[in-house]
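As provided, coords_37.cif (mmCIF, C-alpha atoms and all ligand atoms) reads as follows.
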```
data_entry
loop_
_atom_site.label_atom_id
_atom_site.label_comp_id
_atom_site.auth_asym_id
_atom_site.auth_seq_id
_atom_site.Cartn_x
_atom_site.Cartn_y
_atom_site.Cartn_z
CA MET A 1 0.00 0.00 0.00
CA SER A 2 1.45 3.41 -0.95
CA VAL A 3 1.89 6.05 1.76
CA PRO A 4 -0.23 9.20 1.08
CA PRO A 5 1.89 12.35 0.64
CA ARG A 6 2.20 14.63 3.65
CA VAL A 7 0.31 17.90 3.29
CA ALA A 8 1.70 21.33 4.20
CA LEU A 9 -0.25 24.59 4.27
CA VAL A 10 2.05 27.57 3.64
CA THR A 11 0.41 30.92 4.35
CA GLY A 12 1.63 33.92 2.37
CA SER A 13 3.02 31.66 -0.36
CA SER A 14 1.99 33.73 -3.37
CA SER A 15 5.30 35.64 -3.21
CA GLY A 16 8.85 35.80 -1.85
CA ILE A 17 9.87 33.52 1.00
CA GLY A 18 6.56 31.66 1.17
CA ALA A 19 6.65 30.81 -2.53
CA ALA A 20 10.19 29.43 -2.15
CA ILE A 21 9.11 27.37 0.89
CA ALA A 22 6.20 25.94 -1.10
CA ARG A 23 8.50 25.02 -3.99
CA ALA A 24 11.07 23.43 -1.67
CA LEU A 25 8.46 21.39 0.20
CA HIS A 26 6.97 20.24 -3.11
CA ALA A 27 10.43 19.16 -4.26
CA ASP A 28 10.81 17.31 -0.94
CA GLY A 29 7.69 15.25 -1.68
CA TRP A 30 5.04 17.25 0.17
CA ARG A 31 1.62 18.10 -1.19
CA VAL A 32 1.32 21.88 -0.73
CA ALA A 33 -1.60 24.18 -0.09
CA LEU A 34 -0.80 27.78 -1.02
CA ASN A 35 -2.34 30.96 0.35
CA GLY A 36 -2.26 34.69 -0.22
CA HIS A 37 -4.69 37.52 0.02
CA ARG A 38 -3.98 40.64 -2.02
CA ASP A 39 -2.72 38.99 -5.24
CA ALA A 40 -4.80 35.87 -5.95
CA ASP A 41 -3.43 35.54 -9.50
CA ALA A 42 0.14 35.01 -8.31
CA GLY A 43 -0.88 32.29 -5.85
CA ALA A 44 -3.06 30.51 -8.38
CA ALA A 45 -0.25 30.60 -10.96
CA LEU A 46 2.22 29.03 -8.54
CA ALA A 47 -0.30 26.33 -7.59
CA ALA A 48 -0.76 25.51 -11.28
CA ALA A 49 3.01 25.04 -11.60
CA LEU A 50 3.26 22.57 -8.69
CA PRO A 51 1.39 19.33 -9.47
CA GLY A 52 -1.18 18.50 -6.79
CA ALA A 53 -0.99 21.96 -5.17
CA THR A 54 -4.03 24.06 -4.33
CA TYR A 55 -4.44 27.79 -3.67
CA VAL A 56 -6.87 29.42 -1.24
CA ASP A 57 -7.36 33.17 -1.13
CA ALA A 58 -7.82 34.01 2.57
CA ASP A 59 -6.91 36.81 4.98
CA VAL A 60 -5.09 35.12 7.88
CA SER A 61 -5.83 38.10 10.15
CA ALA A 62 -9.57 37.26 10.03
CA PRO A 63 -10.48 34.25 12.22
CA ASP A 64 -13.31 33.16 9.90
CA ASP A 65 -11.00 33.27 6.88
CA ALA A 66 -8.31 31.32 8.75
CA ARG A 67 -10.86 28.61 9.62
CA ARG A 68 -12.03 28.49 6.00
CA LEU A 69 -8.41 28.26 4.80
CA VAL A 70 -7.78 25.20 6.98
CA ARG A 71 -11.16 23.64 6.12
CA GLU A 72 -10.65 24.03 2.36
CA THR A 73 -7.13 22.65 2.65
CA VAL A 74 -8.29 19.54 4.50
CA ASP A 75 -11.27 19.12 2.15
CA ALA A 76 -8.92 19.24 -0.85
CA HIS A 77 -6.13 17.04 0.48
CA GLY A 78 -7.76 14.86 3.15
CA ARG A 79 -5.21 15.62 5.88
CA LEU A 80 -2.89 18.30 7.26
CA ASP A 81 0.61 17.48 8.52
CA ALA A 82 2.24 20.91 8.69
CA VAL A 83 1.47 24.61 8.74
CA VAL A 84 4.08 27.18 7.80
CA ASN A 85 2.78 30.45 9.22
CA ASN A 86 4.61 32.78 6.87
CA ALA A 87 2.18 35.53 5.78
CA GLY A 88 3.38 38.93 6.88
CA ILE A 89 3.55 42.60 6.06
CA ALA A 90 6.10 45.35 6.75
CA ARG A 91 6.69 49.02 6.07
CA ARG A 92 9.93 51.02 6.50
CA ILE A 93 9.46 53.57 9.31
CA PRO A 94 12.53 55.00 11.13
CA HIS A 95 12.37 53.92 14.77
CA ASP A 96 12.90 57.46 16.10
CA ASP A 97 9.99 58.91 14.08
CA LEU A 98 7.21 57.91 16.47
CA ASP A 99 4.69 60.23 14.79
CA ALA A 100 5.10 58.41 11.47
CA VAL A 101 3.50 55.29 12.98
CA ASP A 102 -0.26 55.60 12.69
CA ASP A 103 -2.71 53.55 14.74
CA ALA A 104 -4.03 51.77 11.65
CA PHE A 105 -0.55 50.39 10.88
CA TRP A 106 -0.08 49.16 14.47
CA ASP A 107 -3.40 47.33 14.28
CA LEU A 108 -2.78 45.90 10.81
CA VAL A 109 0.75 44.64 11.47
CA MET A 110 -0.27 42.96 14.73
CA ALA A 111 -3.39 41.47 13.12
CA VAL A 112 -1.56 39.97 10.12
CA ASN A 113 1.86 39.11 11.59
CA LEU A 114 0.91 37.97 15.10
CA LYS A 115 -2.81 37.25 15.31
CA GLY A 116 -2.69 35.58 11.85
CA PRO A 117 -0.41 32.71 12.98
CA TRP A 118 -2.57 32.29 16.10
CA ASN A 119 -5.75 32.13 14.02
CA VAL A 120 -4.33 29.51 11.65
CA ALA A 121 -2.68 27.47 14.45
CA ARG A 122 -5.93 27.31 16.41
CA ALA A 123 -7.94 26.26 13.36
CA ALA A 124 -5.35 23.66 12.31
CA ARG A 125 -4.74 22.14 15.74
CA PRO A 126 -7.10 19.11 15.56
CA HIS A 127 -5.82 18.12 12.11
CA LEU A 128 -2.16 18.58 13.06
CA ALA A 129 -2.66 16.63 16.28
CA ALA A 130 -4.28 13.75 14.38
CA ALA A 131 -1.28 13.66 12.03
CA ARG A 132 1.30 14.23 14.83
CA GLY A 133 2.33 17.23 12.77
CA GLN A 134 4.09 20.52 13.17
CA ILE A 135 3.98 24.29 12.81
CA VAL A 136 6.83 26.49 11.56
CA MET A 137 6.55 30.23 12.10
CA THR A 138 8.33 32.81 9.95
CA GLY A 139 9.64 35.15 12.62
CA SER A 140 12.47 37.61 12.02
CA ILE A 141 15.73 38.60 13.65
CA ALA A 142 13.81 41.86 14.26
CA GLY A 143 11.99 39.86 16.94
CA PHE A 144 15.10 39.59 19.12
CA THR A 145 17.36 42.50 18.06
CA ALA A 146 16.63 46.22 18.53
CA ALA A 147 16.25 46.61 14.78
CA GLY A 148 13.77 45.93 11.97
CA SER A 149 11.69 47.80 9.41
CA SER A 150 9.58 49.55 12.07
CA ILE A 151 8.91 49.30 15.80
CA PRO A 152 5.42 47.77 15.35
CA TYR A 153 6.84 45.16 12.93
CA SER A 154 9.63 44.18 15.32
CA VAL A 155 7.20 43.92 18.24
CA SER A 156 4.91 41.72 16.13
CA LYS A 157 7.82 39.40 15.35
CA ALA A 158 8.94 39.29 19.00
CA GLY A 159 5.38 38.15 19.69
CA VAL A 160 5.68 35.46 17.02
CA LEU A 161 8.83 34.07 18.61
CA HIS A 162 7.20 33.92 22.04
CA LEU A 163 4.03 32.45 20.56
CA THR A 164 6.28 29.73 19.12
CA ARG A 165 7.60 28.80 22.57
CA LEU A 166 4.17 28.98 24.23
CA LEU A 167 2.51 26.82 21.58
CA ALA A 168 5.39 24.33 21.57
CA ARG A 169 4.80 23.80 25.27
CA ALA A 170 1.01 23.76 25.02
CA LEU A 171 0.65 21.51 21.97
CA GLY A 172 3.31 18.84 22.60
CA PRO A 173 3.71 15.92 22.24
CA GLU A 174 1.30 15.76 19.30
CA ILE A 175 2.47 18.95 17.56
CA ARG A 176 5.97 20.42 17.31
CA VAL A 177 6.24 24.21 16.93
CA ASN A 178 9.41 25.98 15.75
CA ALA A 179 10.35 29.27 14.10
CA ILE A 180 12.84 30.54 11.60
CA ALA A 181 14.14 34.08 11.96
CA PRO A 182 15.27 35.48 8.59
CA GLY A 183 17.61 38.44 8.38
CA TYR A 184 17.65 40.49 5.17
CA ILE A 185 16.15 38.37 2.38
CA GLU A 186 15.70 39.77 -1.10
CA THR A 187 11.94 39.67 -1.89
CA PRO A 188 9.34 42.12 -3.25
CA LEU A 189 8.96 43.30 0.35
CA THR A 190 12.57 44.40 0.79
CA ARG A 191 13.86 45.11 -2.72
CA GLU A 192 13.87 48.90 -2.26
CA TRP A 193 15.61 48.98 1.15
CA GLN A 194 18.89 50.25 -0.32
CA PRO A 195 21.02 51.34 2.68
CA LEU A 196 20.24 48.09 4.50
CA ARG A 197 21.19 46.00 1.47
CA GLU A 198 24.59 47.69 1.31
CA HIS A 199 25.11 47.23 5.06
CA VAL A 200 24.39 43.50 4.83
CA VAL A 201 26.77 42.90 1.92
CA ALA A 202 29.52 44.98 3.54
CA HIS A 203 29.31 43.70 7.12
CA ALA A 204 27.28 40.51 7.70
CA PRO A 205 29.55 37.46 8.13
CA ALA A 206 28.16 35.82 4.96
CA ARG A 207 28.86 39.08 2.98
CA ARG A 208 25.84 38.63 0.71
CA LEU A 209 22.09 39.22 0.62
CA GLY A 210 19.86 36.33 1.60
CA VAL A 211 17.58 34.82 -1.03
CA PRO A 212 14.24 33.09 -0.42
CA GLU A 213 15.81 29.70 -1.20
CA ASP A 214 18.15 30.15 1.80
CA VAL A 215 15.11 30.35 4.07
CA ALA A 216 13.24 27.57 2.29
CA GLY A 217 16.18 25.18 2.74
CA ALA A 218 16.26 25.97 6.46
CA VAL A 219 12.53 25.32 6.80
CA VAL A 220 12.77 21.92 5.09
CA GLY A 221 15.72 21.02 7.33
CA LEU A 222 13.97 22.19 10.50
CA MET A 223 10.86 20.25 9.58
CA GLY A 224 12.89 17.04 9.52
CA MET A 225 14.28 17.52 13.04
CA GLU A 226 11.96 15.25 15.02
CA TYR A 227 13.29 16.10 18.51
CA VAL A 228 13.33 19.89 18.06
CA THR A 229 10.42 21.97 19.33
CA GLY A 230 10.16 25.53 20.66
CA ALA A 231 13.34 26.50 18.79
CA VAL A 232 14.13 29.68 16.85
CA LEU A 233 16.60 29.26 13.97
CA PRO A 234 18.16 32.48 12.62
CA VAL A 235 18.63 32.37 8.83
CA ASP A 236 20.50 35.63 8.43
CA GLY A 237 24.06 35.06 7.20
CA GLY A 238 25.12 36.17 10.69
CA LEU A 239 23.47 39.62 10.43
CA SER A 240 22.09 39.42 13.98
CA LEU A 241 25.66 39.07 15.32
CA LEU A 242 26.54 42.66 14.33
P1 LIG B 301 6.30 39.23 0.38
O1 LIG B 301 7.04 38.84 -0.85
O2 LIG B 301 5.60 40.55 0.44
O3 LIG B 301 5.25 38.07 0.70
C1 LIG B 301 4.30 38.22 1.72
C2 LIG B 301 3.26 37.14 1.56
O4 LIG B 301 2.28 37.28 2.61
C3 LIG B 301 2.52 37.23 0.23
O5 LIG B 301 2.27 35.94 -0.26
C4 LIG B 301 1.22 37.90 0.64
O6 LIG B 301 0.16 37.52 -0.22
C5 LIG B 301 0.99 37.31 2.01
N1 LIG B 301 0.06 38.08 2.83
C6 LIG B 301 0.16 39.36 3.25
N2 LIG B 301 -0.89 39.70 4.00
C7 LIG B 301 -1.67 38.58 4.06
C8 LIG B 301 -2.90 38.29 4.71
N3 LIG B 301 -3.55 39.20 5.45
N4 LIG B 301 -3.41 37.03 4.59
C9 LIG B 301 -2.78 36.10 3.84
N5 LIG B 301 -1.61 36.32 3.20
C10 LIG B 301 -1.08 37.56 3.31
O7 LIG B 301 7.24 39.22 1.65
P2 LIG B 301 8.41 38.21 2.14
O8 LIG B 301 9.62 39.02 2.25
O9 LIG B 301 8.42 36.96 1.35
O10 LIG B 301 7.92 37.93 3.63
C11 LIG B 301 7.39 36.67 4.04
C12 LIG B 301 7.52 36.56 5.55
O11 LIG B 301 8.91 36.63 5.91
C13 LIG B 301 6.83 37.69 6.32
O12 LIG B 301 6.25 37.14 7.50
C14 LIG B 301 7.98 38.62 6.68
O13 LIG B 301 7.72 39.38 7.82
C15 LIG B 301 9.07 37.60 6.92
N6 LIG B 301 10.43 38.14 6.86
C16 LIG B 301 10.92 38.63 5.69
C17 LIG B 301 12.23 39.13 5.67
C18 LIG B 301 12.84 39.68 4.43
O14 LIG B 301 13.96 40.20 4.50
N7 LIG B 301 12.20 39.57 3.27
C19 LIG B 301 13.00 39.11 6.84
C20 LIG B 301 12.46 38.59 8.00
C21 LIG B 301 11.17 38.09 8.00
P3 LIG B 301 -0.65 38.59 -1.07
O15 LIG B 301 0.31 39.59 -1.60
O16 LIG B 301 -1.35 37.76 -2.09
O17 LIG B 301 -1.59 39.17 -0.06
#
```
Spit out the file's structure as structure tokens when you get a sec.
Amino acid sequence: MSVPPRVALVTGSSSGIGAAIARALHADGWRVALNGHRDADAGAALAAALPGATYVDADVSAPDDARRLVRETVDAHGRLDAVVNNAGIARRIPHDDLDAVDDAFWDLVMAVNLKGPWNVARAARPHLAAARGQIVMTGSIAGFTAAGSSIPYSVSKAGVLHLTRLLARALGPEIRVNAIAPGYIETPLTREWQPLREHVVAHAPARRLGVPEDVAGAVVGLMGMEYVTGAVLPVDGGLSLL
């Protein structure tokens, strides 16, 4: 009897890091469920390029949408073995310009980056527990250094890293929960951040920009580490050491 393929839901996989994670998991033999919200065409196009993949347009910050995302994934694939909580937003705002941070941005960045992973984790829990599965969060080194694109973004990512530890403790032994913490990765989100790009190439120990495939490889590796839970893996070419 053939073993059914494991199924991974990757949120925010219509672009950048999430798209690379979806491709890498597919190449590793997973069946992937893709998600995005603002650009449904991009997500649907990637799903069409990965045999067996599906795409669901859903806003992870909305609990009802998160539940529908998980339900449609399980309906399509029959099981759920892993969630990669990757969807996120950012905006460049200098940390000392407090007046440039409006309330709407605070609310949005917390809703998408922090509440989103919570919403999807809660909806996915019974399916992941049944499969003895796992969750991987896309955090950021901004979650543990006094840096990042803006103060609200960095606070949201600090929350993601702590959520990782809290859920790892609460959901074991059935579900493992880990996080990756990217540094500067070249994606549509960061392409214009010129001074930071130059700083990374000049000073980070790896002396180059990160690419989405660097993060995707780390996620696939982390997912295979059966005795690791509650861990945060920086994928930053050493940037957080500066
Ligand atoms: P990106 O290219 O802009 O991709 C972001 C993804 O999130 C897109 O697929 C987007 O889909 C999706 N998304 C945004 N809001 C969503 C929502 N409300 N519901 C569902 N999906 C939503 O950015 P990226 O650089 O790959 O970032 C991916 C993750 O890595 C984020 O969590 C980011 O904070 C984190 N990160 C990135 C870096 C970096 O240097 N790039 C560093 C550290 C951490 P739509 O456009 O279709 O909505």
Return as JSON lines the residues of range 65-167 of chain A lying at most 12 Å from range 219-231 of chain A, together with the closest atom-to-atom pair for each and the distance in Å to one decimal, counting all atoms listed in the file, with rows in chain order and ascending residue number.
```
{"residue": "A:Asp81", "atom": "CA", "partner": "A:Met223", "partner_atom": "CA", "distance": 10.7}
{"residue": "A:Ala82", "atom": "CA", "partner": "A:Met223", "partner_atom": "CA", "distance": 8.7}
{"residue": "A:Val83", "atom": "CA", "partner": "A:Met223", "partner_atom": "CA", "distance": 10.4}
{"residue": "A:Val84", "atom": "CA", "partner": "A:Val219", "partner_atom": "CA", "distance": 8.7}
{"residue": "A:Asn85", "atom": "CA", "partner": "A:Val219", "partner_atom": "CA", "distance": 11.3}
{"residue": "A:Asn86", "atom": "CA", "partner": "A:Val219", "partner_atom": "CA", "distance": 10.9}
{"residue": "A:Arg132", "atom": "CA", "partner": "A:Glu226", "partner_atom": "CA", "distance": 10.7}
{"residue": "A:Gly133", "atom": "CA", "partner": "A:Met223", "partner_atom": "CA", "distance": 9.6}
{"residue": "A:Gln134", "atom": "CA", "partner": "A:Met223", "partner_atom": "CA", "distance": 7.7}
{"residue": "A:Ile135", "atom": "CA", "partner": "A:Met223", "partner_atom": "CA", "distance": 8.6}
{"residue": "A:Val136", "atom": "CA", "partner": "A:Val219", "partner_atom": "CA", "distance": 7.5}
{"residue": "A:Met137", "atom": "CA", "partner": "A:Val219", "partner_atom": "CA", "distance": 9.4}
{"residue": "A:Thr138", "atom": "CA", "partner": "A:Val219", "partner_atom": "CA", "distance": 9.1}
{"residue": "A:Gly139", "atom": "CA", "partner": "A:Ala231", "partner_atom": "CA", "distance": 11.3}
{"residue": "A:Val160", "atom": "CA", "partner": "A:Gly230", "partner_atom": "CA", "distance": 11.5}
{"residue": "A:Leu161", "atom": "CA", "partner": "A:Ala231", "partner_atom": "CA", "distance": 8.8}
{"residue": "A:His162", "atom": "CA", "partner": "A:Gly230", "partner_atom": "CA", "distance": 9.0}
{"residue": "A:Leu163", "atom": "CA", "partner": "A:Gly230", "partner_atom": "CA", "distance": 9.2}
{"residue": "A:Thr164", "atom": "CA", "partner": "A:Gly230", "partner_atom": "CA", "distance": 5.9}
{"residue": "A:Arg165", "atom": "CA", "partner": "A:Gly230", "partner_atom": "CA", "distance": 4.6}
{"residue": "A:Leu166", "atom": "CA", "partner": "A:Gly230", "partner_atom": "CA", "distance": 7.8}
{"residue": "A:Leu167", "atom": "CA", "partner": "A:Gly230", "partner_atom": "CA", "distance": 7.8}
```
Padding 8 Å on every side, please: axis-aligned box over the listed atoms of ligand LIG 301 (chain B), centre and edge lengths to one decimal in Å, as lines of an AutoDock Vina configuration file.
```
center_x = 5.2
center_y = 38.2
center_z = 3.0
size_x = 33.5
size_y = 20.6
size_z = 26.1
```
Q: Report as an MDAnalysis selection string which protein, DNA and RNA residues come within 7 Å of ligand LIG 301 (chain B), using all atoms listed in the file.
A: chainID A and resid 11:18 35:40 42:43 58:61 86:90 112:113 138:141 181:190
Q. Using only C-alpha atoms, which of A:Leu171, A:Ala111, A:Ala19, A:Val3 sits nearest Val211 in chain A?
A. A:Ala19
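Nearest residue to Asp75 in chain A, choosing from A:Val7, A:Ala48, A:Ile93, A:Ala121 and counting only C-alpha atoms: A:Val7.
CA of Pro234 in chain A lies 13.1 Å from CA of Ala204 in chain A.
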Q: Find, counting only C-alpha atoms, the residue in A:Ala218, A:Leu46, A:Val177, A:Leu239 that gets nearest to Arg125 in chain A.
A: A:Val177
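Counting from CA of Leu50 in chain A, the distance to CA of Asp28 in chain A is 12.0 Å.
Minimum atom-to-atom distance to Asp64 in chain A, evaluated using only C-alpha atoms, belongs to A:Arg122 out of A:Arg122, A:His95, A:His26, A:His127.
If you measure from each of A:Gly143, A:Pro117, A:Pro212, A:Gly148 to Val10 in chain A using only C-alpha atoms, the closest one turns out to be A:Pro117.
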(Q) Can you pull out the residues contacting Ala76 in chain A? Cut-off 10 Å, using all atoms listed in the file, and skip same-chain residues under 3 positions away; I want them as number ranges by chain. (A) A: 33, 52-54, 70-73, 79
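Interatomic distance, CA of Ala22 in chain A to CA of Ala45 in chain A: 12.7 Å.
If you measure from each of A:Leu34, A:Val200, A:Ala130, A:Ala104 to Tyr55 in chain A using all atoms listed in the file, the closest one turns out to be A:Leu34.
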**Q.** Shell of 8 Å around Trp30 in chain A, only C-alpha atoms, local chain residues under 3 positions omitted, as a ChimeraX atom specification
**A.** /A:5-8,25-27
Restricting the output to C-alpha atoms, write the selected residues as an mmCIF file, in the coordinates of the input.
```
data_model
loop_
_atom_site.group_PDB
_atom_site.id
_atom_site.type_symbol
_atom_site.label_atom_id
_atom_site.label_comp_id
_atom_site.auth_asym_id
_atom_site.auth_seq_id
_atom_site.Cartn_x
_atom_site.Cartn_y
_atom_site.Cartn_z
ATOM 1 C CA PRO A 5 1.890 12.350 0.640
ATOM 2 C CA ARG A 6 2.200 14.630 3.650
ATOM 3 C CA VAL A 7 0.310 17.900 3.290
ATOM 4 C CA ALA A 8 1.700 21.330 4.200
ATOM 5 C CA LEU A 25 8.460 21.390 0.200
ATOM 6 C CA HIS A 26 6.970 20.240 -3.110
ATOM 7 C CA ALA A 27 10.430 19.160 -4.260
#
```
Q.
List as a PyMOL selection string the protein and nucleic acid residues near Ala62 in chain A, meaning an atom at most 10 Å away when all atoms listed in the file are counted, but skip any in the same chain fewer than 5 places from it.
A. chain A and resi 67-68+111-112+115-116+119-120
Would you mind exporting the chosen residues as a CSV table (one decimal), in the frame of the given file, restricted to C-alpha atoms?
```
chain,number,residue,atom,x,y,z
A,67,ARG,CA,-10.9,28.6,9.6
A,68,ARG,CA,-12.0,28.5,6.0
A,111,ALA,CA,-3.4,41.5,13.1
A,112,VAL,CA,-1.6,40.0,10.1
A,115,LYS,CA,-2.8,37.2,15.3
A,116,GLY,CA,-2.7,35.6,11.8
A,119,ASN,CA,-5.8,32.1,14.0
A,120,VAL,CA,-4.3,29.5,11.6
```
**Q.** Within 9 Å of Arg91 in chain A using all atoms listed in the file, minus same-chain residues under 3 positions, as a list in words
**A.** Phe105, Ser149, Ser150, Tyr153 and Leu189 of chain A
Limited to C-alpha atoms, could you put the picked residues into a file as a short mmCIF file (atom, residue, chain, number, x, y, z; two decimals), keeping the file's coordinate frame?
```
data_model
loop_
_atom_site.label_atom_id
_atom_site.label_comp_id
_atom_site.auth_asym_id
_atom_site.auth_seq_id
_atom_site.Cartn_x
_atom_site.Cartn_y
_atom_site.Cartn_z
CA PHE A 105 -0.55 50.39 10.88
CA SER A 149 11.69 47.80 9.41
CA SER A 150 9.58 49.55 12.07
CA TYR A 153 6.84 45.16 12.93
CA LEU A 189 8.96 43.30 0.35
#
```
